[in-house]
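Shown next: data_30.cif, given as mmCIF, C-alpha atoms and all ligand atoms.
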```cif
data_entry
#
loop_
_atom_site.label_atom_id
_atom_site.label_comp_id
_atom_site.auth_asym_id
_atom_site.auth_seq_id
_atom_site.Cartn_x
_atom_site.Cartn_y
_atom_site.Cartn_z
CA MET A 1043 -83.73 82.89 24.11
CA SER A 1044 -84.63 79.52 22.65
CA LEU A 1045 -87.17 77.14 24.20
CA PRO A 1046 -87.74 73.40 23.84
CA GLN A 1047 -90.08 73.02 20.86
CA SER A 1048 -93.01 71.75 22.86
CA ASP A 1049 -93.03 74.96 24.94
CA TYR A 1050 -93.48 77.35 22.03
CA PRO A 1051 -97.27 77.16 21.45
CA LYS A 1052 -97.92 77.94 25.12
CA ALA A 1053 -95.25 80.65 25.34
CA ILE A 1054 -96.59 82.32 22.20
CA ALA A 1055 -100.20 82.20 23.39
CA GLU A 1056 -99.19 83.73 26.74
CA LYS A 1057 -97.11 86.51 25.20
CA PHE A 1058 -99.87 87.21 22.71
CA THR A 1059 -102.44 87.65 25.45
CA GLU A 1060 -100.06 89.79 27.47
CA LEU A 1061 -99.26 92.11 24.54
CA PHE A 1062 -102.60 92.23 22.74
CA ASN A 1063 -105.21 90.95 25.17
CA GLN A 1064 -106.34 88.41 22.56
CA GLN A 1065 -106.15 84.65 21.88
CA PRO A 1066 -104.10 83.90 18.76
CA LEU A 1067 -104.54 81.35 16.01
CA ILE A 1068 -101.25 79.41 16.02
CA ILE A 1069 -99.49 78.01 12.94
CA ARG A 1070 -96.52 75.64 12.89
CA ALA A 1071 -94.17 75.81 9.86
CA PRO A 1072 -91.13 73.48 9.88
CA GLY A 1073 -87.55 73.85 8.68
CA ARG A 1074 -86.17 71.40 6.14
CA ILE A 1075 -83.34 69.06 5.27
CA ASN A 1076 -82.37 68.08 1.74
CA LEU A 1077 -80.96 64.62 1.07
CA ILE A 1078 -79.53 65.34 -2.38
CA GLY A 1079 -80.06 67.81 -5.24
CA GLU A 1080 -78.41 71.04 -4.15
CA HIS A 1081 -78.68 74.30 -6.13
CA THR A 1082 -80.77 72.38 -8.66
CA ASP A 1083 -84.08 74.06 -7.79
CA TYR A 1084 -83.45 77.37 -9.56
CA ASN A 1085 -82.02 75.39 -12.49
CA MET A 1086 -85.38 73.63 -12.95
CA GLY A 1087 -83.97 70.29 -11.82
CA PHE A 1088 -85.11 68.01 -8.98
CA VAL A 1089 -84.66 68.20 -5.20
CA LEU A 1090 -85.24 65.70 -2.39
CA PRO A 1091 -86.06 67.64 0.78
CA ALA A 1092 -88.18 66.88 3.86
CA ALA A 1093 -89.79 68.96 6.62
CA ILE A 1094 -88.26 68.36 10.05
CA ASN A 1095 -88.86 68.40 13.77
CA LYS A 1096 -87.70 72.00 14.11
CA ALA A 1097 -90.23 74.70 13.41
CA ILE A 1098 -91.44 78.27 13.61
CA TYR A 1099 -94.62 78.83 15.63
CA LEU A 1100 -96.58 81.93 14.70
CA GLY A 1101 -99.57 83.34 16.57
CA ILE A 1102 -101.83 85.78 14.73
CA GLY A 1103 -104.99 87.82 15.46
CA LYS A 1104 -106.91 90.65 13.77
CA ARG A 1105 -106.77 94.29 14.87
CA ASP A 1106 -109.42 97.01 14.58
CA ASP A 1107 -107.07 99.42 12.81
CA ASN A 1108 -104.69 99.01 9.87
CA GLU A 1109 -101.54 98.50 11.93
CA ILE A 1110 -99.27 95.46 11.88
CA HIS A 1111 -97.66 94.69 15.23
CA LEU A 1112 -94.93 92.04 15.13
CA TYR A 1113 -93.07 90.55 18.08
CA ALA A 1114 -90.18 88.06 17.84
CA LEU A 1115 -90.15 86.04 21.04
CA ASP A 1116 -86.62 84.67 20.65
CA TYR A 1117 -85.10 88.08 19.99
CA ASP A 1118 -87.38 89.98 22.39
CA ASP A 1119 -87.76 92.52 19.61
CA ASP A 1120 -90.76 94.18 18.01
CA HIS A 1121 -91.63 96.01 14.81
CA LYS A 1122 -94.65 98.05 13.77
CA ALA A 1123 -95.91 98.75 10.26
CA THR A 1124 -99.21 99.47 8.51
CA THR A 1125 -101.04 97.51 5.85
CA ASP A 1126 -101.25 100.64 3.64
CA ALA A 1127 -97.61 101.00 2.79
CA ILE A 1128 -95.32 98.01 3.15
CA VAL A 1129 -91.72 99.18 3.47
CA ARG A 1130 -88.52 97.40 4.47
CA SER A 1131 -87.92 97.36 8.19
CA GLY A 1132 -84.18 98.01 8.20
CA LYS A 1133 -83.77 94.75 10.13
CA LEU A 1134 -83.96 91.29 8.68
CA TRP A 1135 -86.62 89.29 10.53
CA PRO A 1136 -89.65 91.58 10.00
CA ASP A 1137 -88.99 91.61 6.25
CA TYR A 1138 -89.85 87.92 5.90
CA VAL A 1139 -93.32 88.69 7.27
CA LEU A 1140 -93.78 92.03 5.48
CA GLY A 1141 -92.60 90.59 2.15
CA VAL A 1142 -95.40 88.03 2.31
CA VAL A 1143 -97.94 90.73 3.20
CA GLU A 1144 -96.80 92.72 0.19
CA GLN A 1145 -97.19 89.73 -2.13
CA ILE A 1146 -100.69 88.97 -0.84
CA LYS A 1147 -101.68 92.60 -1.24
CA MET A 1148 -100.59 92.37 -4.88
CA LEU A 1149 -103.13 89.58 -5.43
CA GLY A 1150 -105.86 92.10 -4.79
CA GLY A 1151 -104.57 94.97 -6.89
CA GLU A 1152 -104.91 95.84 -10.53
CA GLY A 1153 -101.23 95.24 -11.00
CA ASN A 1154 -101.52 91.56 -10.32
CA ARG A 1155 -98.25 90.74 -11.94
CA MET A 1156 -97.84 87.23 -10.67
CA HIS A 1157 -101.34 86.31 -11.76
CA ARG A 1158 -100.87 87.88 -15.16
CA MET A 1159 -97.66 85.95 -15.61
CA GLY A 1160 -99.60 82.78 -14.92
CA ARG A 1161 -97.46 82.14 -11.89
CA ILE A 1162 -100.31 81.90 -9.43
CA ASP A 1163 -103.97 80.98 -9.73
CA ARG A 1164 -105.65 83.12 -7.13
CA MET A 1165 -106.73 86.73 -7.47
CA LEU A 1166 -108.48 88.37 -4.55
CA GLY A 1167 -111.49 90.64 -4.40
CA GLY A 1168 -112.86 90.09 -7.88
CA GLU A 1169 -116.57 90.09 -8.59
CA ASN A 1170 -118.44 87.54 -6.44
CA ASP A 1171 -115.31 86.91 -4.46
CA SER A 1172 -115.96 86.96 -0.73
CA ALA A 1173 -112.22 87.17 0.02
CA LYS A 1174 -111.15 90.78 -0.23
CA GLY A 1175 -107.61 90.38 0.90
CA ILE A 1176 -105.99 91.67 4.08
CA THR A 1177 -108.81 93.96 5.21
CA THR A 1178 -107.55 95.00 8.67
CA GLY A 1179 -104.29 95.21 10.57
CA PHE A 1180 -103.09 92.24 12.59
CA ASN A 1181 -100.87 91.18 15.48
CA VAL A 1182 -98.15 88.53 15.33
CA VAL A 1183 -95.98 86.80 17.93
CA PHE A 1184 -93.58 84.15 16.66
CA GLY A 1185 -90.64 82.05 17.78
CA GLY A 1186 -89.17 78.63 17.24
CA ASP A 1187 -86.28 76.22 17.47
CA ILE A 1188 -84.89 76.37 13.93
CA PRO A 1189 -81.41 77.80 14.49
CA PRO A 1190 -81.08 80.85 12.20
CA GLY A 1191 -78.12 80.73 9.80
CA ALA A 1192 -77.78 76.94 10.10
CA GLY A 1193 -79.11 76.32 6.59
CA LEU A 1194 -82.35 74.76 7.86
CA SER A 1195 -84.53 77.44 6.24
CA SER A 1196 -85.84 79.31 9.22
CA SER A 1197 -86.66 82.21 6.89
CA ALA A 1198 -88.71 80.05 4.51
CA ALA A 1199 -90.55 78.64 7.54
CA LEU A 1200 -91.38 82.15 8.75
CA GLU A 1201 -92.65 83.10 5.28
CA CYS A 1202 -94.78 79.96 5.02
CA ALA A 1203 -96.14 80.47 8.53
CA THR A 1204 -97.09 84.05 7.64
CA ALA A 1205 -98.77 83.13 4.34
CA TYR A 1206 -100.67 80.27 5.98
CA ALA A 1207 -101.71 82.43 8.94
CA LEU A 1208 -102.97 85.32 6.80
CA ASN A 1209 -104.82 82.89 4.54
CA GLU A 1210 -106.61 81.39 7.55
CA LEU A 1211 -107.23 84.68 9.34
CA PHE A 1212 -108.74 86.50 6.35
CA GLY A 1213 -110.26 83.45 4.61
CA LEU A 1214 -108.33 84.18 1.43
CA GLY A 1215 -108.73 80.76 -0.19
CA ILE A 1216 -105.15 80.69 -1.46
CA SER A 1217 -103.94 77.18 -2.37
CA LYS A 1218 -100.88 75.66 -0.74
CA ILE A 1219 -98.84 75.83 -3.93
CA ASP A 1220 -99.68 79.53 -4.33
CA MET A 1221 -98.65 80.14 -0.71
CA VAL A 1222 -95.31 78.54 -1.59
CA LYS A 1223 -94.91 80.82 -4.62
CA ILE A 1224 -95.93 83.88 -2.60
CA SER A 1225 -93.36 82.99 0.07
CA GLN A 1226 -90.61 82.48 -2.49
CA ALA A 1227 -91.52 85.74 -4.25
CA ALA A 1228 -91.36 87.57 -0.89
CA GLU A 1229 -87.80 86.33 -0.40
CA ASN A 1230 -86.78 87.05 -4.01
CA GLU A 1231 -88.31 90.49 -4.28
CA PHE A 1232 -88.59 91.96 -0.79
CA VAL A 1233 -85.60 90.38 0.96
CA GLY A 1234 -83.51 90.24 -2.24
CA MET A 1235 -82.31 86.64 -1.96
CA LYS A 1236 -82.91 84.97 -5.32
CA CYS A 1237 -83.63 81.57 -3.80
CA GLY A 1238 -85.32 78.71 -5.63
CA ILE A 1239 -88.56 77.07 -4.53
CA MET A 1240 -87.23 74.13 -2.50
CA ASP A 1241 -87.28 75.50 1.05
CA GLN A 1242 -90.77 76.97 0.94
CA PHE A 1243 -92.11 73.89 -0.85
CA ALA A 1244 -90.65 71.54 1.74
CA SER A 1245 -91.93 73.61 4.65
CA MET A 1246 -95.45 73.66 3.18
CA PHE A 1247 -95.75 70.16 1.69
CA GLY A 1248 -93.75 68.06 4.17
CA LYS A 1249 -95.18 64.67 5.20
CA LYS A 1250 -94.22 62.66 8.26
CA ASP A 1251 -91.51 60.06 7.52
CA HIS A 1252 -91.43 60.96 3.83
CA LEU A 1253 -89.05 62.77 1.52
CA ILE A 1254 -90.46 64.97 -1.24
CA ARG A 1255 -89.16 64.34 -4.72
CA LEU A 1256 -89.96 67.63 -6.41
CA ASP A 1257 -89.59 68.44 -10.08
CA CYS A 1258 -88.86 72.16 -9.84
CA ARG A 1259 -89.92 72.76 -13.44
CA SER A 1260 -93.37 71.19 -13.50
CA LEU A 1261 -93.82 71.37 -9.69
CA GLU A 1262 -95.02 67.76 -9.78
CA TYR A 1263 -93.96 65.91 -6.68
CA ASN A 1264 -94.26 62.62 -4.91
CA HIS A 1265 -93.72 61.64 -1.30
CA PHE A 1266 -91.06 58.95 -0.85
CA PRO A 1267 -91.24 56.84 2.33
CA PHE A 1268 -88.04 57.45 4.30
CA LYS A 1269 -87.77 55.72 7.61
CA LEU A 1270 -84.50 53.89 7.60
CA LYS A 1271 -84.03 50.95 9.85
CA ASP A 1272 -80.92 51.37 12.03
CA VAL A 1273 -79.80 54.59 10.31
CA LYS A 1274 -80.06 58.07 11.78
CA VAL A 1275 -79.95 61.43 10.08
CA LEU A 1276 -77.58 63.67 12.02
CA LEU A 1277 -76.85 67.31 11.26
CA PHE A 1278 -73.53 68.74 12.35
CA ASP A 1279 -73.84 72.50 12.68
CA THR A 1280 -70.55 74.31 11.96
CA ARG A 1281 -71.99 77.37 13.76
CA VAL A 1282 -70.41 79.55 11.10
CA LYS A 1283 -72.13 81.57 8.41
CA HIS A 1284 -69.73 83.40 6.13
CA SER A 1285 -70.93 86.81 5.10
CA LEU A 1286 -70.76 86.24 1.35
CA ALA A 1287 -73.53 83.63 1.53
CA SER A 1288 -76.35 85.56 -0.14
CA SER A 1289 -74.26 87.58 -2.62
CA ALA A 1290 -72.40 84.44 -3.73
CA TYR A 1291 -75.72 82.59 -4.01
CA ASN A 1292 -77.10 85.21 -6.42
CA GLU A 1293 -73.79 85.14 -8.31
CA ARG A 1294 -74.00 81.34 -8.77
CA ARG A 1295 -77.47 81.75 -10.11
CA GLU A 1296 -76.23 84.28 -12.67
CA GLN A 1297 -73.39 81.98 -13.69
CA CYS A 1298 -75.88 79.20 -14.38
CA GLU A 1299 -77.99 81.58 -16.47
CA GLU A 1300 -74.85 82.62 -18.35
CA GLY A 1301 -74.17 78.94 -19.10
CA VAL A 1302 -77.65 78.54 -20.56
CA ARG A 1303 -77.16 81.68 -22.69
CA LEU A 1304 -73.85 80.38 -24.01
CA VAL A 1305 -75.33 77.00 -24.95
CA GLU A 1306 -78.26 78.69 -26.67
CA ALA A 1307 -76.09 81.18 -28.55
CA GLN A 1308 -73.42 78.69 -29.66
CA SER A 1309 -75.77 75.90 -30.57
CA SER A 1310 -77.84 78.26 -32.72
CA LYS A 1311 -74.74 78.88 -34.85
CA LEU A 1312 -74.70 75.21 -35.72
CA GLU A 1313 -78.39 74.79 -36.19
CA ALA A 1314 -80.65 76.86 -38.36
CA GLN A 1315 -83.00 77.63 -35.50
CA SER A 1316 -81.95 78.95 -32.13
CA GLN A 1317 -82.49 76.27 -29.50
CA ASN A 1318 -84.79 77.48 -26.78
CA ILE A 1319 -83.22 75.69 -23.86
CA GLY A 1320 -84.28 77.90 -20.99
CA SER A 1321 -82.51 76.16 -18.10
CA LEU A 1322 -79.72 73.73 -17.24
CA ARG A 1323 -82.34 70.99 -16.92
CA ASP A 1324 -82.13 70.47 -20.68
CA VAL A 1325 -78.38 70.87 -21.01
CA THR A 1326 -76.06 67.87 -21.32
CA GLU A 1327 -72.40 67.49 -20.29
CA GLY A 1328 -71.59 67.24 -24.00
CA MET A 1329 -73.18 70.63 -24.71
CA LEU A 1330 -71.21 72.19 -21.88
CA LEU A 1331 -67.96 70.76 -23.20
CA GLU A 1332 -68.64 71.96 -26.70
CA PHE A 1333 -70.25 75.34 -26.14
CA VAL A 1334 -69.27 76.62 -22.69
CA LYS A 1335 -65.81 75.28 -21.81
CA PRO A 1336 -63.99 77.07 -24.66
CA VAL A 1337 -65.63 80.40 -23.77
CA ASN A 1338 -65.79 80.50 -19.99
CA GLU A 1339 -64.03 77.90 -17.83
CA LEU A 1340 -65.59 79.12 -14.57
CA VAL A 1341 -69.14 79.01 -15.90
CA TYR A 1342 -68.33 75.57 -17.30
CA LYS A 1343 -67.34 74.32 -13.84
CA ARG A 1344 -70.49 75.69 -12.23
CA CYS A 1345 -72.79 74.25 -14.88
CA THR A 1346 -71.06 70.87 -14.87
CA PHE A 1347 -71.86 70.51 -11.20
CA ILE A 1348 -75.54 71.30 -11.77
CA VAL A 1349 -75.97 69.01 -14.77
CA THR A 1350 -74.30 66.07 -12.97
CA GLU A 1351 -76.18 66.79 -9.74
CA ILE A 1352 -79.55 66.57 -11.51
CA GLN A 1353 -78.54 63.14 -12.88
CA ARG A 1354 -77.16 62.07 -9.50
CA LEU A 1355 -80.45 62.82 -7.78
CA LEU A 1356 -82.43 60.72 -10.24
CA LYS A 1357 -80.04 57.79 -9.77
CA GLY A 1358 -80.11 58.36 -6.01
CA CYS A 1359 -83.90 57.99 -6.02
CA GLU A 1360 -83.47 54.63 -7.74
CA ASP A 1361 -81.03 53.62 -4.99
CA LEU A 1362 -83.64 54.50 -2.37
CA GLU A 1363 -86.30 52.55 -4.23
CA ASN A 1364 -83.94 49.57 -4.25
CA ASN A 1365 -83.21 50.06 -0.54
CA ASP A 1366 -79.56 50.54 -1.44
CA ILE A 1367 -78.64 53.15 1.14
CA VAL A 1368 -74.92 52.43 0.68
CA ALA A 1369 -75.05 53.48 -2.98
CA PHE A 1370 -77.15 56.52 -2.01
CA GLY A 1371 -74.63 57.54 0.64
CA LYS A 1372 -71.77 57.45 -1.88
CA LYS A 1373 -73.67 59.90 -4.02
CA MET A 1374 -73.95 62.28 -1.06
CA TYR A 1375 -70.14 62.33 -0.86
CA GLU A 1376 -69.96 62.99 -4.61
CA THR A 1377 -72.39 65.88 -4.19
CA HIS A 1378 -70.16 67.35 -1.51
CA GLU A 1379 -67.12 67.05 -3.72
CA GLY A 1380 -68.92 68.87 -6.52
CA LEU A 1381 -70.29 71.60 -4.25
CA SER A 1382 -66.83 72.14 -2.82
CA LYS A 1383 -64.62 71.92 -5.93
CA LEU A 1384 -66.82 72.84 -8.87
CA TYR A 1385 -69.61 74.97 -7.45
CA GLU A 1386 -67.35 76.38 -4.71
CA VAL A 1387 -70.06 77.04 -2.13
CA SER A 1388 -68.49 75.06 0.71
CA CYS A 1389 -66.06 76.44 3.29
CA LYS A 1390 -63.22 75.01 5.36
CA GLU A 1391 -65.46 74.16 8.31
CA LEU A 1392 -67.92 72.17 6.16
CA ASP A 1393 -65.09 70.43 4.30
CA LEU A 1394 -63.51 69.52 7.61
CA LEU A 1395 -66.71 67.94 8.93
CA VAL A 1396 -67.08 65.82 5.80
CA ASP A 1397 -63.38 64.86 5.84
CA LEU A 1398 -63.64 63.76 9.46
CA VAL A 1399 -66.38 61.22 8.72
CA LYS A 1400 -65.72 60.10 5.18
CA ASP A 1401 -63.56 57.06 6.01
CA ASP A 1402 -65.73 56.00 8.93
CA PRO A 1403 -67.62 52.78 8.06
CA ASN A 1404 -70.48 53.87 10.34
CA VAL A 1405 -71.19 56.92 8.19
CA LEU A 1406 -72.96 55.92 4.97
CA GLY A 1407 -73.00 59.37 3.44
CA ALA A 1408 -72.27 63.00 4.34
CA ARG A 1409 -72.23 66.36 2.64
CA MET A 1410 -72.78 70.05 3.17
CA MET A 1411 -76.46 70.96 2.94
CA GLY A 1412 -78.33 74.00 1.61
CA GLY A 1413 -76.96 77.18 0.08
CA GLY A 1414 -73.47 76.82 1.57
CA PHE A 1415 -70.71 78.98 3.13
CA GLY A 1416 -71.60 77.63 6.55
CA GLY A 1417 -74.54 75.92 8.21
CA CYS A 1418 -74.77 72.15 8.57
CA THR A 1419 -73.55 68.92 7.10
CA ILE A 1420 -76.08 66.11 6.78
CA ASN A 1421 -74.87 62.63 7.76
CA LEU A 1422 -76.47 59.19 7.43
CA VAL A 1423 -75.08 57.30 10.41
CA LYS A 1424 -75.56 53.74 11.67
CA GLU A 1425 -77.73 54.00 14.74
CA GLU A 1426 -75.52 52.10 17.15
CA ALA A 1427 -72.55 54.36 16.36
CA ALA A 1428 -74.36 57.71 16.30
CA ALA A 1429 -73.80 58.94 19.85
CA ASP A 1430 -70.14 58.02 19.89
CA LEU A 1431 -69.52 59.54 16.46
CA ALA A 1432 -71.19 62.83 17.40
CA GLU A 1433 -68.99 63.11 20.47
CA ARG A 1434 -65.76 62.28 18.63
CA ILE A 1435 -66.41 64.68 15.76
CA SER A 1436 -67.42 67.48 18.13
CA LYS A 1437 -64.11 67.14 19.96
CA LYS A 1438 -62.04 67.11 16.78
CA TYR A 1439 -63.96 70.06 15.36
CA LYS A 1440 -63.34 72.04 18.55
CA VAL A 1441 -59.62 71.30 18.40
CA GLU A 1442 -59.33 72.32 14.73
CA THR A 1443 -61.58 75.40 14.72
CA GLY A 1444 -62.01 76.47 18.35
CA VAL A 1445 -65.80 76.35 17.80
CA GLU A 1446 -68.32 74.13 19.64
CA MET A 1447 -70.23 72.31 16.92
CA LEU A 1448 -73.91 71.45 17.53
CA VAL A 1449 -75.54 68.13 16.67
CA TYR A 1450 -79.21 67.76 15.71
CA GLU A 1451 -80.90 64.41 15.29
CA VAL A 1452 -83.54 64.88 12.63
CA ARG A 1453 -87.02 63.41 12.50
CA ILE A 1454 -89.17 63.98 9.45
CA GLU A 1455 -92.45 65.70 10.26
CA ARG A 1456 -95.51 67.09 8.50
CA GLY A 1457 -95.52 70.47 6.75
CA THR A 1458 -97.17 73.77 7.68
CA CYS A 1459 -100.46 73.48 9.57
CA VAL A 1460 -102.69 75.07 12.21
CA ILE A 1461 -102.11 73.64 15.67
C1 LIG O 1501 -80.99 77.73 -0.31
C2 LIG O 1501 -82.13 78.23 -1.21
C3 LIG O 1501 -82.80 77.07 -1.95
C4 LIG O 1501 -81.78 76.18 -2.65
C5 LIG O 1501 -80.63 75.83 -1.70
C6 LIG O 1501 -79.52 75.10 -2.41
O1 LIG O 1501 -81.51 76.96 0.72
O2 LIG O 1501 -83.08 78.92 -0.47
O3 LIG O 1501 -83.74 77.56 -2.87
O4 LIG O 1501 -81.30 76.77 -3.83
O5 LIG O 1501 -80.07 76.97 -1.07
O6 LIG O 1501 -79.95 73.86 -2.87
#
```
So that I can check it, write out the structure of this file as structure tokens.
Amino acid sequence: MSLPQSDYPKAIAEKFTELFNQQPLIIRAPGRINLIGEHTDYNMGFVLPAAINKAIYLGIGKRDDNEIHLYALDYDDDHKATTDAIVRSGKLWPDYVLGVVEQIKMLGGEGNRMHRMGRIDRMLGGENDSAKGITTGFNVVFGGDIPPGAGLSSSAALECATAYALNELFGLGISKIDMVKISQAAENEFVGMKCGIMDQFASMFGKKDHLIRLDCRSLEYNHFPFKLKDVKVLLFDTRVKHSLASSAYNERREQCEEGVRLVEAQSSKLEAQSQNIGSLRDVTEGMLLEFVKPVNELVYKRCTFIVTEIQRLLKGCEDLENNDIVAFGKKMYETHEGLSKLYEVSCKELDLLVDLVKDDPNVLGARMMGGGFGGCTINLVKEEAAADLAERISKKYKVETGVEMLVYEVRIERGTCVI
């Protein structure tokens, strides 16, 4: 089941009362798009995402015992757990919630690893601290209109909604940036997907009609106005998600790390002191040519994409500042080319959708978006041509693949909040 977005708060409140005889607190956490800067987040580069008009709605209320009762409205499925021992559910959706619970519980314990590592600021339950963590069980009902598997970060939205809801419900005083880190850690450690910080950051920090230019190393960010006159952002959903998506994602991440190791090891032979480079953010194309290409051609290809993508994003931001959307759009096509040929995270359906629009003068830019291997392309389309284009491409896509593509017109909305 999927409802129109405006129906979710009411549907969730009703289901909540029916199941738990309680009124919930309701949180909205949006999905995201990303204009440019793909796979750069875990390489400490920049990204340019925005929160969108598709969201998860999550209702929450306290219980008298230590049980956690979860209900997914769209799947008509439930899961029960306890706050004492957080274990994997054996299904996917409950783990996004439980992973966040586990991370918040760690903020209260002795083994506060994230705090010790300086990754987050907040510890819970210390002396004079009124917030003692998750002190009782709780009930959750959630649902929303972010299509799962479409690369719009429905999982990050569910994690952010959970972190925000628990923070409100138990008065934990966790900052927004720490909620982002907790959500990312839940996905990395509990779900096992080694994602970067972009999706959770965008879901939490989104601002209406603005992009977020995020430096993934310092976590400094600024909101960029983005309301283009006469241009629409259309997503074309391939409706495919190839099964290697998360294993290939983790593999790409390892290949990038290998590239950094090779640069560090080789460059230290030339210089007296080993260079502490740490990430591809500080690596140049010249270094890759000299130190990586001769040793590992595949790693060289992967790293070349990342290093050029980080530069492309910075130039793309200048284009936007100069109101040069045509130059920006060209860079989106270049990003697609790199993701497809060098980083090899595209697939034939995504390539087809970009090929079908790339010579159309009404499409300023297009590329695959997100992790890859399925999901959506993002297209900047002249407003007057948008409806006709969507219809034409849908027909061609159906003929070539046999699949009905979906089209979403994106509006940029605010990030996670109580409604
Ligand atoms: C997924 C991950 C993000 C990011 C993108 C690719 O969405 O969750 O962290 O790496 O892929 O840019």
Closest atom pairs, chain A residues within 7 Å of ligand LIG 1501 (chain O), all atoms listed in the file, as JSON lines:
```
{"residue": "A:Gly1079", "atom": "CA", "partner": "O:LIG1501", "partner_atom": "O6", "distance": 6.5}
{"residue": "A:Glu1080", "atom": "CA", "partner": "O:LIG1501", "partner_atom": "O6", "distance": 3.5}
{"residue": "A:His1081", "atom": "CA", "partner": "O:LIG1501", "partner_atom": "O6", "distance": 3.5}
{"residue": "A:Thr1082", "atom": "CA", "partner": "O:LIG1501", "partner_atom": "O6", "distance": 6.0}
{"residue": "A:Asp1083", "atom": "CA", "partner": "O:LIG1501", "partner_atom": "O4", "distance": 5.5}
{"residue": "A:Tyr1084", "atom": "CA", "partner": "O:LIG1501", "partner_atom": "O4", "distance": 6.1}
{"residue": "A:Gly1193", "atom": "CA", "partner": "O:LIG1501", "partner_atom": "O1", "distance": 6.4}
{"residue": "A:Ser1195", "atom": "CA", "partner": "O:LIG1501", "partner_atom": "O1", "distance": 6.3}
{"residue": "A:Cys1237", "atom": "CA", "partner": "O:LIG1501", "partner_atom": "O3", "distance": 4.1}
{"residue": "A:Gly1238", "atom": "CA", "partner": "O:LIG1501", "partner_atom": "O3", "distance": 3.4}
{"residue": "A:Ile1239", "atom": "CA", "partner": "O:LIG1501", "partner_atom": "O3", "distance": 5.1}
{"residue": "A:Met1240", "atom": "CA", "partner": "O:LIG1501", "partner_atom": "O3", "distance": 4.9}
{"residue": "A:Asp1241", "atom": "CA", "partner": "O:LIG1501", "partner_atom": "C3", "distance": 5.6}
{"residue": "A:Gly1412", "atom": "CA", "partner": "O:LIG1501", "partner_atom": "C6", "distance": 4.3}
{"residue": "A:Gly1413", "atom": "CA", "partner": "O:LIG1501", "partner_atom": "O5", "distance": 3.3}
```
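For the pair atom CA of A:Lys1249 and atom CA of A:Lys1057, the interatomic distance is 29.7 Å.
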From the list A:Lys1335, A:His1121, A:Lys1343, A:Arg1281, the nearest residue to A:Asp1137 using all atoms listed in the file is A:His1121
As a check of understanding: the span from atom CA of A:Cys1418 to atom CA of A:Leu1392 is 7.3 Å
Identify, on the basis of only C-alpha atoms, every residue whose closest approach to A:Ile1069 does not exceed 12 Å; exclude the query and any residue fewer than 2 positions from it along the same chain; express the result as a PDB file with C-alpha atoms, keeping the file's coordinate frame.
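The resulting part-v5.pdb:
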```pdb
ATOM      1  CA  TYR A1050     -93.480  77.350  22.030  1.00  0.00           C
ATOM      2  CA  PRO A1051     -97.270  77.160  21.450  1.00  0.00           C
ATOM      3  CA  ILE A1054     -96.590  82.320  22.200  1.00  0.00           C
ATOM      4  CA  ALA A1055    -100.200  82.200  23.390  1.00  0.00           C
ATOM      5  CA  PRO A1066    -104.100  83.900  18.760  1.00  0.00           C
ATOM      6  CA  LEU A1067    -104.540  81.350  16.010  1.00  0.00           C
ATOM      7  CA  ALA A1071     -94.170  75.810   9.860  1.00  0.00           C
ATOM      8  CA  PRO A1072     -91.130  73.480   9.880  1.00  0.00           C
ATOM      9  CA  ALA A1097     -90.230  74.700  13.410  1.00  0.00           C
ATOM     10  CA  ILE A1098     -91.440  78.270  13.610  1.00  0.00           C
ATOM     11  CA  TYR A1099     -94.620  78.830  15.630  1.00  0.00           C
ATOM     12  CA  LEU A1100     -96.580  81.930  14.700  1.00  0.00           C
ATOM     13  CA  GLY A1101     -99.570  83.340  16.570  1.00  0.00           C
ATOM     14  CA  ILE A1102    -101.830  85.780  14.730  1.00  0.00           C
ATOM     15  CA  GLY A1103    -104.990  87.820  15.460  1.00  0.00           C
ATOM     16  CA  VAL A1182     -98.150  88.530  15.330  1.00  0.00           C
ATOM     17  CA  VAL A1183     -95.980  86.800  17.930  1.00  0.00           C
ATOM     18  CA  PHE A1184     -93.580  84.150  16.660  1.00  0.00           C
ATOM     19  CA  GLY A1185     -90.640  82.050  17.780  1.00  0.00           C
ATOM     20  CA  GLY A1186     -89.170  78.630  17.240  1.00  0.00           C
ATOM     21  CA  ALA A1199     -90.550  78.640   7.540  1.00  0.00           C
ATOM     22  CA  LEU A1200     -91.380  82.150   8.750  1.00  0.00           C
ATOM     23  CA  GLU A1201     -92.650  83.100   5.280  1.00  0.00           C
ATOM     24  CA  CYS A1202     -94.780  79.960   5.020  1.00  0.00           C
ATOM     25  CA  ALA A1203     -96.140  80.470   8.530  1.00  0.00           C
ATOM     26  CA  THR A1204     -97.090  84.050   7.640  1.00  0.00           C
ATOM     27  CA  ALA A1205     -98.770  83.130   4.340  1.00  0.00           C
ATOM     28  CA  TYR A1206    -100.670  80.270   5.980  1.00  0.00           C
ATOM     29  CA  ALA A1207    -101.710  82.430   8.940  1.00  0.00           C
ATOM     30  CA  LEU A1208    -102.970  85.320   6.800  1.00  0.00           C
ATOM     31  CA  ASN A1209    -104.820  82.890   4.540  1.00  0.00           C
ATOM     32  CA  GLU A1210    -106.610  81.390   7.550  1.00  0.00           C
ATOM     33  CA  LEU A1211    -107.230  84.680   9.340  1.00  0.00           C
ATOM     34  CA  MET A1246     -95.450  73.660   3.180  1.00  0.00           C
ATOM     35  CA  GLY A1457     -95.520  70.470   6.750  1.00  0.00           C
ATOM     36  CA  THR A1458     -97.170  73.770   7.680  1.00  0.00           C
ATOM     37  CA  CYS A1459    -100.460  73.480   9.570  1.00  0.00           C
ATOM     38  CA  VAL A1460    -102.690  75.070  12.210  1.00  0.00           C
ATOM     39  CA  ILE A1461    -102.110  73.640  15.670  1.00  0.00           C
TER      40      ILE A1461
END
```
